[in-house]
>>> print(open('query-v9.tsv').read())   # TSV, C-alpha atoms
chain	number	residue	atom	x	y	z
A	275	MET	CA	68.85	111.93	105.56
A	276	LYS	CA	72.61	111.60	105.53
A	277	SER	CA	72.39	109.01	108.31
A	278	ALA	CA	69.88	106.96	106.32
A	279	LEU	CA	72.15	107.10	103.28
A	280	THR	CA	75.14	106.06	105.41
A	281	VAL	CA	73.28	103.03	106.75
A	282	ALA	CA	72.02	102.17	103.26
A	283	VAL	CA	75.51	102.17	101.75
A	284	GLY	CA	76.76	100.11	104.71
A	285	ILE	CA	73.99	97.55	104.25
A	286	ALA	CA	74.63	97.36	100.51
A	287	PHE	CA	78.34	96.82	101.19
A	288	GLY	CA	77.67	94.02	103.69
A	289	PHE	CA	75.16	92.32	101.38
A	290	VAL	CA	77.44	92.48	98.34
A	291	MET	CA	80.43	91.33	100.41
A	292	SER	CA	78.43	88.31	101.52
A	293	ARG	CA	77.36	87.42	97.96
A	294	THR	CA	80.78	87.83	96.32
A	295	GLY	CA	82.13	84.89	98.32
A	296	PHE	CA	84.61	87.00	100.30
A	297	THR	CA	83.02	85.92	103.59
A	298	SER	CA	84.05	82.31	102.94
A	299	TRP	CA	87.36	81.43	104.61
A	300	ASP	CA	87.88	78.63	102.08
A	301	LEU	CA	87.37	80.88	99.04
A	302	VAL	CA	89.72	83.53	100.47
A	303	HIS	CA	92.30	80.82	101.14
A	304	GLY	CA	91.79	79.51	97.61
A	305	MET	CA	92.43	82.98	96.18
A	306	PHE	CA	95.75	83.31	98.02
A	307	ALA	CA	96.82	79.72	97.38
A	308	PHE	CA	95.75	79.95	93.72
A	309	THR	CA	93.47	76.93	93.99
A	310	GLN	CA	90.16	78.82	93.54
A	311	PHE	CA	89.80	81.72	91.15
A	312	GLN	CA	86.36	83.15	92.03
A	313	LEU	CA	87.64	85.92	94.28
A	314	LEU	CA	90.73	86.73	92.21
A	315	LEU	CA	88.43	87.35	89.23
A	316	VAL	CA	85.98	89.34	91.37
A	317	PHE	CA	88.80	91.54	92.69
A	318	MET	CA	90.44	92.15	89.32
A	319	LEU	CA	87.17	92.91	87.55
A	320	SER	CA	86.15	95.20	90.39
A	321	VAL	CA	89.38	97.19	90.16
A	322	GLY	CA	88.91	97.48	86.38
A	323	VAL	CA	85.31	98.67	86.70
A	324	LEU	CA	86.35	101.14	89.39
A	325	ALA	CA	89.18	102.58	87.28
A	326	ALA	CA	86.67	103.31	84.52
A	327	GLY	CA	84.08	104.43	87.09
A	328	TRP	CA	86.28	107.14	88.62
A	329	ILE	CA	86.84	108.62	85.17
A	330	ALA	CA	83.11	108.53	84.42
A	331	VAL	CA	82.19	110.10	87.77
A	332	ASP	CA	84.78	112.84	87.23
A	333	ARG	CA	83.22	113.69	83.87
A	334	LEU	CA	79.61	113.49	85.04
A	335	ILE	CA	79.98	115.28	88.37
A	336	PRO	CA	82.73	117.87	88.08
A	337	GLY	CA	83.92	119.30	91.39
A	338	ARG	CA	83.05	116.16	93.33
A	339	GLY	CA	86.56	116.50	94.75
A	340	SER	CA	89.98	115.28	93.86
A	341	PHE	CA	92.05	112.39	95.08
A	342	GLY	CA	95.02	113.48	97.15
A	343	PRO	CA	98.28	111.55	96.92
A	344	ARG	CA	98.79	108.82	99.48
A	345	ALA	CA	101.61	109.02	101.96
A	346	ILE	CA	104.29	106.38	101.44
A	347	HIS	CA	106.43	105.40	104.43
A	348	PRO	CA	107.98	102.19	105.84
A	349	GLY	CA	104.63	101.35	107.44
A	350	THR	CA	103.01	101.07	104.03
A	351	ILE	CA	104.92	97.86	103.34
A	352	ILE	CA	105.48	96.51	106.86
A	353	GLY	CA	101.84	97.15	107.78
A	354	GLY	CA	100.72	95.60	104.51
A	355	VAL	CA	102.74	92.43	105.18
A	356	LEU	CA	101.32	92.06	108.71
A	357	PHE	CA	97.80	92.66	107.43
A	358	GLY	CA	98.23	90.08	104.65
A	359	ALA	CA	99.49	87.44	107.08
A	360	GLY	CA	96.57	88.17	109.42
A	361	TRP	CA	94.04	88.00	106.60
A	362	ALA	CA	95.39	84.67	105.36
A	363	LEU	CA	95.05	83.22	108.88
A	364	SER	CA	91.73	84.70	110.00
A	365	GLY	CA	90.13	84.95	106.56
A	366	GLY	CA	88.92	88.37	107.58
A	367	CYS	CA	89.73	91.87	106.50
A	368	PRO	CA	87.79	94.44	108.55
A	369	THR	CA	84.74	94.44	106.23
A	370	ILE	CA	84.67	90.67	105.87
A	371	SER	CA	84.60	90.08	109.62
A	372	LEU	CA	81.63	92.45	110.05
A	373	ALA	CA	79.68	90.77	107.23
A	374	GLN	CA	80.53	87.31	108.62
A	375	ILE	CA	79.08	88.25	112.00
A	376	GLY	CA	75.87	89.35	110.26
A	377	GLU	CA	75.71	86.08	108.31
A	378	GLY	CA	75.78	84.14	111.55
A	379	GLN	CA	79.45	83.07	111.41
A	380	LEU	CA	79.73	84.29	114.97
A	381	ALA	CA	83.34	83.19	115.48
A	382	ALA	CA	84.19	86.30	113.43
A	383	ILE	CA	83.50	88.20	116.67
A	384	TYR	CA	86.96	86.95	117.67
A	385	THR	CA	88.41	88.36	114.44
A	386	LEU	CA	86.73	91.73	114.99
A	387	GLY	CA	87.90	91.78	118.60
A	388	GLY	CA	91.44	91.07	117.40
A	389	ILE	CA	91.18	93.87	114.83
A	390	LEU	CA	90.08	96.36	117.49
A	391	ILE	CA	92.89	95.28	119.83
A	392	GLY	CA	95.49	95.40	117.02
A	393	ASN	CA	94.34	98.84	115.92
A	394	TRP	CA	94.52	100.06	119.51
A	395	ILE	CA	98.02	98.62	120.04
A	396	TYR	CA	99.27	100.26	116.85
A	397	SER	CA	97.87	103.63	117.85
A	398	ARG	CA	99.90	103.45	121.07
A	399	VAL	CA	103.04	102.16	119.39
A	400	HIS	CA	102.82	104.79	116.66
A	401	GLU	CA	102.88	107.70	119.07
A	402	ARG	CA	106.01	106.43	120.76
A	403	TYR	CA	108.10	105.13	117.92
A	404	PHE	CA	107.06	106.31	114.47
A	405	LYS	CA	107.41	109.71	112.88
A	406	TRP	CA	105.36	109.31	109.73
A	407	PRO	CA	101.93	110.96	109.53
A	408	ALA	CA	98.92	108.96	110.64
A	409	THR	CA	96.36	109.05	107.84
A	410	SER	CA	93.36	107.03	106.80
A	411	CYS	CA	91.45	106.57	103.57
A	412	LEU	CA	88.64	108.76	104.88
A	413	ASP	CA	90.96	111.77	104.57
A	414	GLN	CA	91.46	111.11	100.88
B	220	MET	CA	76.16	78.15	102.97
B	221	ILE	CA	75.39	81.18	100.84
B	222	GLU	CA	76.00	80.41	97.18
B	223	PRO	CA	78.16	83.25	95.74
B	224	TRP	CA	77.09	85.14	92.62
B	225	HIS	CA	78.91	84.61	89.35
B	226	TRP	CA	82.28	86.40	89.52
B	227	ALA	CA	81.30	88.91	86.84
B	228	ILE	CA	78.18	90.00	88.73
B	229	SER	CA	80.13	90.03	91.99
B	230	GLY	CA	82.90	92.17	90.51
B	231	ILE	CA	80.52	94.79	89.15
B	232	ALA	CA	78.44	94.84	92.36
B	233	LEU	CA	81.58	95.22	94.48
B	234	ALA	CA	82.84	98.09	92.33
B	235	SER	CA	79.54	99.93	92.71
B	236	ILE	CA	80.00	100.38	96.47
B	237	PRO	CA	83.08	102.67	96.51
B	238	LEU	CA	81.56	104.63	93.60
B	239	LEU	CA	78.29	105.04	95.48
B	240	HIS	CA	80.16	106.13	98.59
B	241	TRP	CA	82.19	108.66	96.62
B	242	ILE	CA	79.14	110.09	94.84
B	243	ALA	CA	77.04	110.23	98.01
B	244	PHE	CA	79.62	111.53	100.48
B	245	GLY	CA	82.63	112.78	98.48
B	246	ARG	CA	84.92	110.51	100.50
B	247	THR	CA	86.92	107.42	99.78
B	248	LEU	CA	85.27	104.27	101.10
B	249	SER	CA	87.22	103.31	104.19
B	250	VAL	CA	86.59	100.65	106.77
B	251	SER	CA	89.87	100.47	108.70
B	252	GLY	CA	89.83	104.29	108.79
B	253	ARG	CA	86.43	104.26	110.48
B	254	ILE	CA	87.64	101.64	112.95
B	255	SER	CA	90.68	103.82	113.72
B	256	ALA	CA	88.35	106.76	114.37
B	257	LEU	CA	86.36	104.66	116.85
B	258	ILE	CA	89.51	103.51	118.62
B	259	ASN	CA	90.78	107.10	118.83
B	260	ARG	CA	87.53	108.17	120.39
B	261	ALA	CA	87.59	105.30	122.87
B	262	ARG	CA	91.23	105.99	123.81
B	263	LEU	CA	91.38	109.75	123.84
B	264	GLY	CA	87.77	110.72	124.36
B	265	ARG	CA	88.10	112.90	121.26
B	266	ASP	CA	88.93	112.62	117.60
B	267	GLU	CA	92.59	112.54	116.69
B	268	PRO	CA	93.43	116.05	115.50
B	269	THR	CA	96.43	115.15	113.34
B	270	VAL	CA	95.51	115.02	109.69
B	271	GLU	CA	97.96	115.53	106.92
B	272	MET	CA	96.47	118.27	104.75
B	273	SER	CA	96.69	118.49	101.01
B	274	SER	CA	98.47	121.59	99.71
B	275	ASP	CA	95.12	123.21	98.80
B	276	GLU	CA	93.82	122.67	102.30
B	277	LEU	CA	97.05	123.99	103.81
B	278	MET	CA	96.88	127.13	101.64
B	279	ALA	CA	93.25	127.65	102.60
B	280	ALA	CA	94.13	127.35	106.30
B	281	VAL	CA	97.09	129.74	105.98
B	282	ARG	CA	94.85	132.16	104.17
B	283	GLU	CA	92.16	131.98	106.80
B	284	ALA	CA	94.74	132.57	109.56
B	285	THR	CA	96.17	135.52	107.63
B	286	ILE	CA	92.76	137.14	107.31
B	287	ALA	CA	92.05	136.51	110.98
B	288	ALA	CA	95.36	138.10	112.04
B	289	PHE	CA	95.74	140.99	109.60
B	290	GLY	CA	92.27	141.53	108.15
B	291	GLY	CA	90.95	141.00	104.64
B	292	ALA	CA	93.33	143.61	103.17
B	293	ALA	CA	96.27	141.30	103.79
B	294	VAL	CA	95.22	138.92	101.01
B	295	LEU	CA	94.54	139.76	97.39
B	296	ASP	CA	90.97	138.50	97.07
B	297	PRO	CA	89.48	138.25	100.55
B	298	GLU	CA	85.91	137.58	99.46
B	299	VAL	CA	86.33	134.89	96.89
B	300	PRO	CA	87.18	131.50	98.39
B	301	ASP	CA	85.56	130.01	101.44
B	302	ALA	CA	88.59	128.77	103.30
B	303	SER	CA	86.68	126.69	105.82
B	304	ALA	CA	85.00	124.70	103.05
B	305	ALA	CA	88.39	123.37	101.98
B	306	LEU	CA	89.31	122.08	105.42
B	307	PRO	CA	88.69	118.39	106.04
B	308	THR	CA	85.70	117.84	108.29
B	309	ARG	CA	85.58	114.99	110.76
B	310	LEU	CA	82.69	112.60	110.64
B	311	PRO	CA	80.78	112.15	113.91
B	312	MET	CA	81.13	108.83	115.75
B	313	SER	CA	77.49	107.99	115.01
B	314	ASN	CA	78.30	108.03	111.30
B	315	HIS	CA	81.03	105.39	111.77
B	316	LEU	CA	78.81	103.21	113.94
B	317	LEU	CA	75.92	103.43	111.47
B	318	PHE	CA	78.14	102.47	108.56
B	319	LEU	CA	79.92	99.59	110.30
B	320	GLY	CA	76.62	98.38	111.78
B	321	GLY	CA	75.12	98.57	108.28
B	322	ILE	CA	77.72	96.08	107.02
B	323	VAL	CA	76.66	93.59	109.73
B	324	VAL	CA	72.97	94.08	108.82
B	325	GLY	CA	73.84	93.61	105.12
B	326	GLY	CA	75.42	90.24	105.93
B	327	LEU	CA	72.35	89.28	107.98
B	328	ILE	CA	69.95	90.21	105.16
B	329	SER	CA	72.06	88.21	102.70
B	330	ALA	CA	71.93	85.09	104.90
B	331	LEU	CA	68.20	85.46	105.61
B	332	ALA	CA	67.38	86.02	101.93
B	333	ALA	CA	69.38	82.91	101.02
B	334	GLY	CA	67.53	80.94	103.70
B	335	ALA	CA	70.92	80.15	105.19
B	336	TYR	CA	70.77	81.93	108.55
B	337	SER	CA	71.76	79.51	111.28
B	338	PRO	CA	74.03	81.40	113.66
B	339	GLN	CA	76.83	79.31	115.13
B	340	PHE	CA	79.91	80.19	117.11
B	341	ALA	CA	82.11	78.93	114.29
B	342	LEU	CA	83.38	79.86	110.85
B	343	HIS	CA	82.18	78.14	107.66
B	344	GLY	CA	84.74	76.37	105.52
B	345	ARG	CA	85.94	72.81	105.25
B	346	THR	CA	89.60	73.74	104.91
B	347	PHE	CA	89.43	76.19	107.81
B	348	ASN	CA	87.80	73.66	110.10
B	349	SER	CA	90.18	70.87	109.17
B	350	LEU	CA	93.13	73.18	109.87
B	351	PHE	CA	91.98	75.10	112.95
B	352	GLY	CA	88.46	74.07	113.83
B	353	GLY	CA	89.45	71.11	116.00
B	354	SER	CA	88.47	72.96	119.13
B	355	SER	CA	86.86	76.25	119.99
B	356	VAL	CA	90.14	77.28	121.63
B	357	SER	CA	92.19	76.82	118.45
B	358	THR	CA	89.52	78.64	116.39
B	359	ALA	CA	89.53	81.54	118.86
B	360	ALA	CA	93.35	81.65	118.97
B	361	VAL	CA	93.85	81.83	115.20
B	362	LEU	CA	91.03	84.35	114.71
B	363	ILE	CA	92.09	86.65	117.54
B	364	GLY	CA	95.77	86.38	116.55
B	365	GLY	CA	95.02	86.90	112.84
B	366	GLY	CA	92.61	89.73	113.68
B	367	MET	CA	95.27	91.50	115.75
B	368	LEU	CA	97.68	91.36	112.80
B	369	VAL	CA	94.92	92.75	110.57
B	370	GLY	CA	94.11	95.59	112.97
B	371	PHE	CA	97.76	96.48	113.62
B	372	GLY	CA	98.78	96.17	109.97
B	373	THR	CA	95.88	98.08	108.44
B	374	ARG	CA	96.39	101.00	110.77
B	375	MET	CA	100.13	100.99	110.15
B	376	ALA	CA	99.64	100.86	106.38
B	377	ALA	CA	96.83	103.44	106.65
B	378	GLY	CA	94.34	101.33	104.74
B	379	CYS	CA	92.85	97.89	104.17
B	380	THR	CA	91.39	95.97	101.24
B	381	THR	CA	88.77	98.63	100.65
B	382	GLY	CA	90.82	101.82	100.75
B	383	HIS	CA	94.09	100.49	99.33
B	384	GLY	CA	93.07	97.35	97.46
B	385	LEU	CA	89.96	98.57	95.68
B	386	CYS	CA	90.01	102.39	95.73
B	387	GLY	CA	93.74	103.14	95.72
B	388	VAL	CA	94.73	100.51	93.16
B	389	SER	CA	91.97	101.55	90.75
B	390	ARG	CA	93.25	105.14	91.00
B	391	PHE	CA	96.83	103.93	90.43
B	392	GLN	CA	97.99	105.57	93.68
B	393	LYS	CA	101.56	104.48	94.37
B	394	GLY	CA	101.12	104.06	98.14
B	395	SER	CA	98.14	101.78	97.60
B	396	LEU	CA	99.86	99.72	94.90
B	397	LEU	CA	102.75	99.15	97.34
B	398	ALA	CA	100.48	98.29	100.27
B	399	THR	CA	98.31	95.97	98.17
B	400	GLY	CA	101.35	94.21	96.73
B	401	ALA	CA	102.65	93.76	100.28
B	402	PHE	CA	99.46	92.37	101.80
B	403	PHE	CA	98.64	90.17	98.83
B	404	GLY	CA	102.19	88.81	98.67
B	405	ALA	CA	102.29	88.07	102.40
B	406	ALA	CA	98.87	86.40	102.25
B	407	VAL	CA	100.02	84.20	99.35
B	408	VAL	CA	103.11	83.08	101.29
B	409	VAL	CA	101.11	82.29	104.45
B	410	SER	CA	98.36	80.52	102.48
B	411	LEU	CA	100.81	78.37	100.54
B	412	GLY	CA	102.37	77.50	103.91
B	413	LEU	CA	98.95	76.49	105.27
B	414	GLU	CA	98.40	74.47	102.11
B	415	LEU	CA	101.46	72.38	103.04
B	416	LEU	CA	99.96	71.73	106.48
B	417	SER	CA	96.54	70.68	105.23
>>> encode(input="query-v9.tsv", output="structure tokens")
Amino acid sequence: MKSALTVAVGIAFGFVMSRTGFTSWDLVHGMFAFTQFQLLLVFMLSVGVLAAGWIAVDRLIPGRGSFGPRAIHPGTIIGGVLFGAGWALSGGCPTISLAQIGEGQLAAIYTLGGILIGNWIYSRVHERYFKWPATSCLDQ
Amino acid sequence: MIEPWHWAISGIALASIPLLHWIAFGRTLSVSGRISALINRARLGRDEPTVEMSSDELMAAVREATIAAFGGAAVLDPEVPDASAALPTRLPMSNHLLFLGGIVVGGLISALAAGAYSPQFALHGRTFNSLFGGSSVSTAAVLIGGGMLVGFGTRMAAGCTTGHGLCGVSRFQKGSLLATGAFFGAAVVVSLGLELLS
């Protein structure tokens, strides 16, 4: 049951991602270069709807859990900058590259491969050099 | 080409996914986090044990250890809370694979439903192909290189567009606002640079 629900939410996410325009390299580039406003509007509206949605969910389903604070450390900014540069080049954030592969934009397999390699490299580097806690959004 | 929905429909549809995930599973929607879990499993053969606990979870764990060591009399109300329920549980690997695989299937269904499924070892986009699509080698190089930055950066910043950009920003979490500002700013700089090249 839970597995079916997990797949269903994943499928919904991939479908919506594909239809928002986020799987188009050109539209993503247009958002960051301020030449196309589709995705900027999608993102801003989505954040607004979500902000209201969290409040509504909290009221409707009390005890669903609470949001813990997020750790802030140098990696928050440095990692963000590296991610942003990589997204602008590849046109893919992790979700986008998965949805692109499904759509038949098979070159996104390269992007996904790069993401897996980059994640792996960071996990090795982190253990050796960085002291801040390793967290992910799933722990929130 | 799949024609995108109107931005208003897209924005509402996109917002529904993290809400659905939160209602269904009580967890923040996270894609880079799931990828990190897969990498940990592949590297270590087990899940990474280090999780930073919230203060409630820490108190629950301390309490459980106290009861285990000194018996129920050592705490004031030994029966009331279920300490183990407050501890974060790890999702099994199958859960991550099902979710990430679901995203791929969602993209496939979208393309099929639009009658636009013609798989090619390329990326759509006129600007992309005029910049990098000259040969399969240059496409591969920019996608692998860009992907590595994405993988490295999202793990370092502990979140990607989903967890930081959508979920964290809409909850006004400071760490996510910082991370999102950083990745958006860097992407703007790189994209304006590419604009000069094109």
>>> atom_distance(input="query-v9.tsv", atom1="atom CA of B:Leu310", atom2="atom CA of B:Glu283")
21.9 Å
>>> residues_around(input="query-v9.tsv", residues="stretch 319-321 of chain A", least_positions_apart="6", cutoff="8 Å", atoms="all atoms listed in the file", output="list in words")
Ala227, Gly230, Ile231, Ala232, Leu233, Ala234, Leu385, Cys386, Val388 and Ser389 of chain B
>>> closest_atom_pairs(input="query-v9.tsv", of="stretch 311-397 of chain B", to="stretch 339-362 of chain A", cutoff="10 Å", atoms="only C-alpha atoms", output="Markdown table")
| residue | atom | partner | partner_atom | distance |
| --- | --- | --- | --- | --- |
| B:Val361 | CA | A:Gly360 | CA | 9.0 |
| B:Leu362 | CA | A:Gly360 | CA | 8.6 |
| B:Ile363 | CA | A:Gly360 | CA | 9.4 |
| B:Gly364 | CA | A:Gly360 | CA | 7.4 |
| B:Gly365 | CA | A:Gly360 | CA | 4.0 |
| B:Gly366 | CA | A:Gly360 | CA | 6.0 |
| B:Met367 | CA | A:Gly360 | CA | 7.3 |
| B:Leu368 | CA | A:Gly360 | CA | 4.8 |
| B:Val369 | CA | A:Phe357 | CA | 4.3 |
| B:Gly370 | CA | A:Phe357 | CA | 7.3 |
| B:Phe371 | CA | A:Gly353 | CA | 7.2 |
| B:Gly372 | CA | A:Gly353 | CA | 3.9 |
| B:Thr373 | CA | A:Phe357 | CA | 5.8 |
| B:Arg374 | CA | A:Gly353 | CA | 7.3 |
| B:Met375 | CA | A:Gly353 | CA | 4.8 |
| B:Ala376 | CA | A:Thr350 | CA | 4.1 |
| B:Ala377 | CA | A:Thr350 | CA | 7.1 |
| B:Gly378 | CA | A:Gly354 | CA | 8.6 |
| B:Cys379 | CA | A:Phe357 | CA | 7.9 |
| B:Thr380 | CA | A:Phe357 | CA | 9.5 |
| B:His383 | CA | A:Arg344 | CA | 9.6 |
| B:Gly387 | CA | A:Arg344 | CA | 8.5 |
| B:Arg390 | CA | A:Phe341 | CA | 8.4 |
| B:Gln392 | CA | A:Arg344 | CA | 6.7 |
| B:Lys393 | CA | A:Arg344 | CA | 7.3 |
| B:Gly394 | CA | A:Ile346 | CA | 5.1 |
| B:Ser395 | CA | A:Arg344 | CA | 7.3 |
| B:Leu396 | CA | A:Thr350 | CA | 9.8 |
| B:Leu397 | CA | A:Ile351 | CA | 6.5 |
>>> write_last_selection(input="query-v9.tsv", atoms="C-alpha atoms", output="PDB file, keeping the file's coordinate frame")
ATOM      1  CA  VAL B 361      93.850  81.830 115.200  1.00  0.00           C
ATOM      2  CA  LEU B 362      91.030  84.350 114.710  1.00  0.00           C
ATOM      3  CA  ILE B 363      92.090  86.650 117.540  1.00  0.00           C
ATOM      4  CA  GLY B 364      95.770  86.380 116.550  1.00  0.00           C
ATOM      5  CA  GLY B 365      95.020  86.900 112.840  1.00  0.00           C
ATOM      6  CA  GLY B 366      92.610  89.730 113.680  1.00  0.00           C
ATOM      7  CA  MET B 367      95.270  91.500 115.750  1.00  0.00           C
ATOM      8  CA  LEU B 368      97.680  91.360 112.800  1.00  0.00           C
ATOM      9  CA  VAL B 369      94.920  92.750 110.570  1.00  0.00           C
ATOM     10  CA  GLY B 370      94.110  95.590 112.970  1.00  0.00           C
ATOM     11  CA  PHE B 371      97.760  96.480 113.620  1.00  0.00           C
ATOM     12  CA  GLY B 372      98.780  96.170 109.970  1.00  0.00           C
ATOM     13  CA  THR B 373      95.880  98.080 108.440  1.00  0.00           C
ATOM     14  CA  ARG B 374      96.390 101.000 110.770  1.00  0.00           C
ATOM     15  CA  MET B 375     100.130 100.990 110.150  1.00  0.00           C
ATOM     16  CA  ALA B 376      99.640 100.860 106.380  1.00  0.00           C
ATOM     17  CA  ALA B 377      96.830 103.440 106.650  1.00  0.00           C
ATOM     18  CA  GLY B 378      94.340 101.330 104.740  1.00  0.00           C
ATOM     19  CA  CYS B 379      92.850  97.890 104.170  1.00  0.00           C
ATOM     20  CA  THR B 380      91.390  95.970 101.240  1.00  0.00           C
ATOM     21  CA  HIS B 383      94.090 100.490  99.330  1.00  0.00           C
ATOM     22  CA  GLY B 387      93.740 103.140  95.720  1.00  0.00           C
ATOM     23  CA  ARG B 390      93.250 105.140  91.000  1.00  0.00           C
ATOM     24  CA  GLN B 392      97.990 105.570  93.680  1.00  0.00           C
ATOM     25  CA  LYS B 393     101.560 104.480  94.370  1.00  0.00           C
ATOM     26  CA  GLY B 394     101.120 104.060  98.140  1.00  0.00           C
ATOM     27  CA  SER B 395      98.140 101.780  97.600  1.00  0.00           C
ATOM     28  CA  LEU B 396      99.860  99.720  94.900  1.00  0.00           C
ATOM     29  CA  LEU B 397     102.750  99.150  97.340  1.00  0.00           C
TER      30      LEU B 397
END
>>> atom_distance(input="query-v9.tsv", atom1="atom CA of B:Gly382", atom2="atom CA of B:Leu248")
6.1 Å
>>> closest_residue(input="query-v9.tsv", among="A:Leu314, A:Ala373, A:Ala278, A:Ala326", to="chain B", atoms="only C-alpha atoms")
A:Ala373
>>> residues_around(input="query-v9.tsv", residues="A:Arg398", least_positions_apart="4", cutoff="12 Å", atoms="all atoms listed in the file", output="JSON, numbers by chain")
{"A": [391, 392, 393, 394, 402, 403, 404, 408], "B": [255, 258, 259, 262, 263, 371, 374, 375]}
>>> write_last_selection(input="query-v9.tsv", atoms="C-alpha atoms", output="compact mmCIF listing (two decimals), in the frame of the given file")
# COMPACT_ATOMS: atom_id res chain seq x y z
CA ILE A 391 92.89 95.28 119.83
CA GLY A 392 95.49 95.40 117.02
CA ASN A 393 94.34 98.84 115.92
CA TRP A 394 94.52 100.06 119.51
CA ARG A 402 106.01 106.43 120.76
CA TYR A 403 108.10 105.13 117.92
CA PHE A 404 107.06 106.31 114.47
CA ALA A 408 98.92 108.96 110.64
CA SER B 255 90.68 103.82 113.72
CA ILE B 258 89.51 103.51 118.62
CA ASN B 259 90.78 107.10 118.83
CA ARG B 262 91.23 105.99 123.81
CA LEU B 263 91.38 109.75 123.84
CA PHE B 371 97.76 96.48 113.62
CA ARG B 374 96.39 101.00 110.77
CA MET B 375 100.13 100.99 110.15
>>> closest_residue(input="query-v9.tsv", among="A:Leu301, A:Met291, A:Ile395, A:Met318", to="A:Glu377", atoms="only C-alpha atoms")
A:Met291
>>> closest_residue(input="query-v9.tsv", among="B:Pro237, B:Gly290, B:Gly353, B:Gly264", to="chain A", atoms="only C-alpha atoms")
B:Pro237
>>> residues_around(input="query-v9.tsv", residues="B:Leu342", least_positions_apart="6", cutoff="9 Å", atoms="only C-alpha atoms", output="list in words")
Ser298, Trp299, Gln374, Gly378, Gln379, Leu380, Ala381 and Ala382 of chain A; Asn348, Gly352 and Thr358 of chain B
>>> closest_residue(input="query-v9.tsv", among="A:Met275, A:Ser364, A:Val302, A:Glu401", to="chain B", atoms="all atoms listed in the file")
A:Ser364
>>> closest_residue(input="query-v9.tsv", among="A:Leu279, A:Ile285, A:Met305, A:Ala330", to="chain B", atoms="all atoms listed in the file")
A:Ile285
>>> atom_distance(input="query-v9.tsv", atom1="atom CA of A:Lys276", atom2="atom CA of B:Phe244")
8.6 Å
>>> residues_around(input="query-v9.tsv", residues="B:Leu257", least_positions_apart="2", cutoff="9 Å", atoms="all atoms listed in the file", output="ChimeraX atom specification")
/B:252-255,259-262,266,312,315-316
>>> axis_aligned_box(input="query-v9.tsv", around="stretch 390-393 of chain A", padding_each_side="8 Å", output="lines of an AutoDock Vina configuration file")
center_x = 92.8
center_y = 97.1
center_z = 117.9
size_x = 21.4
size_y = 19.6
size_z = 19.9
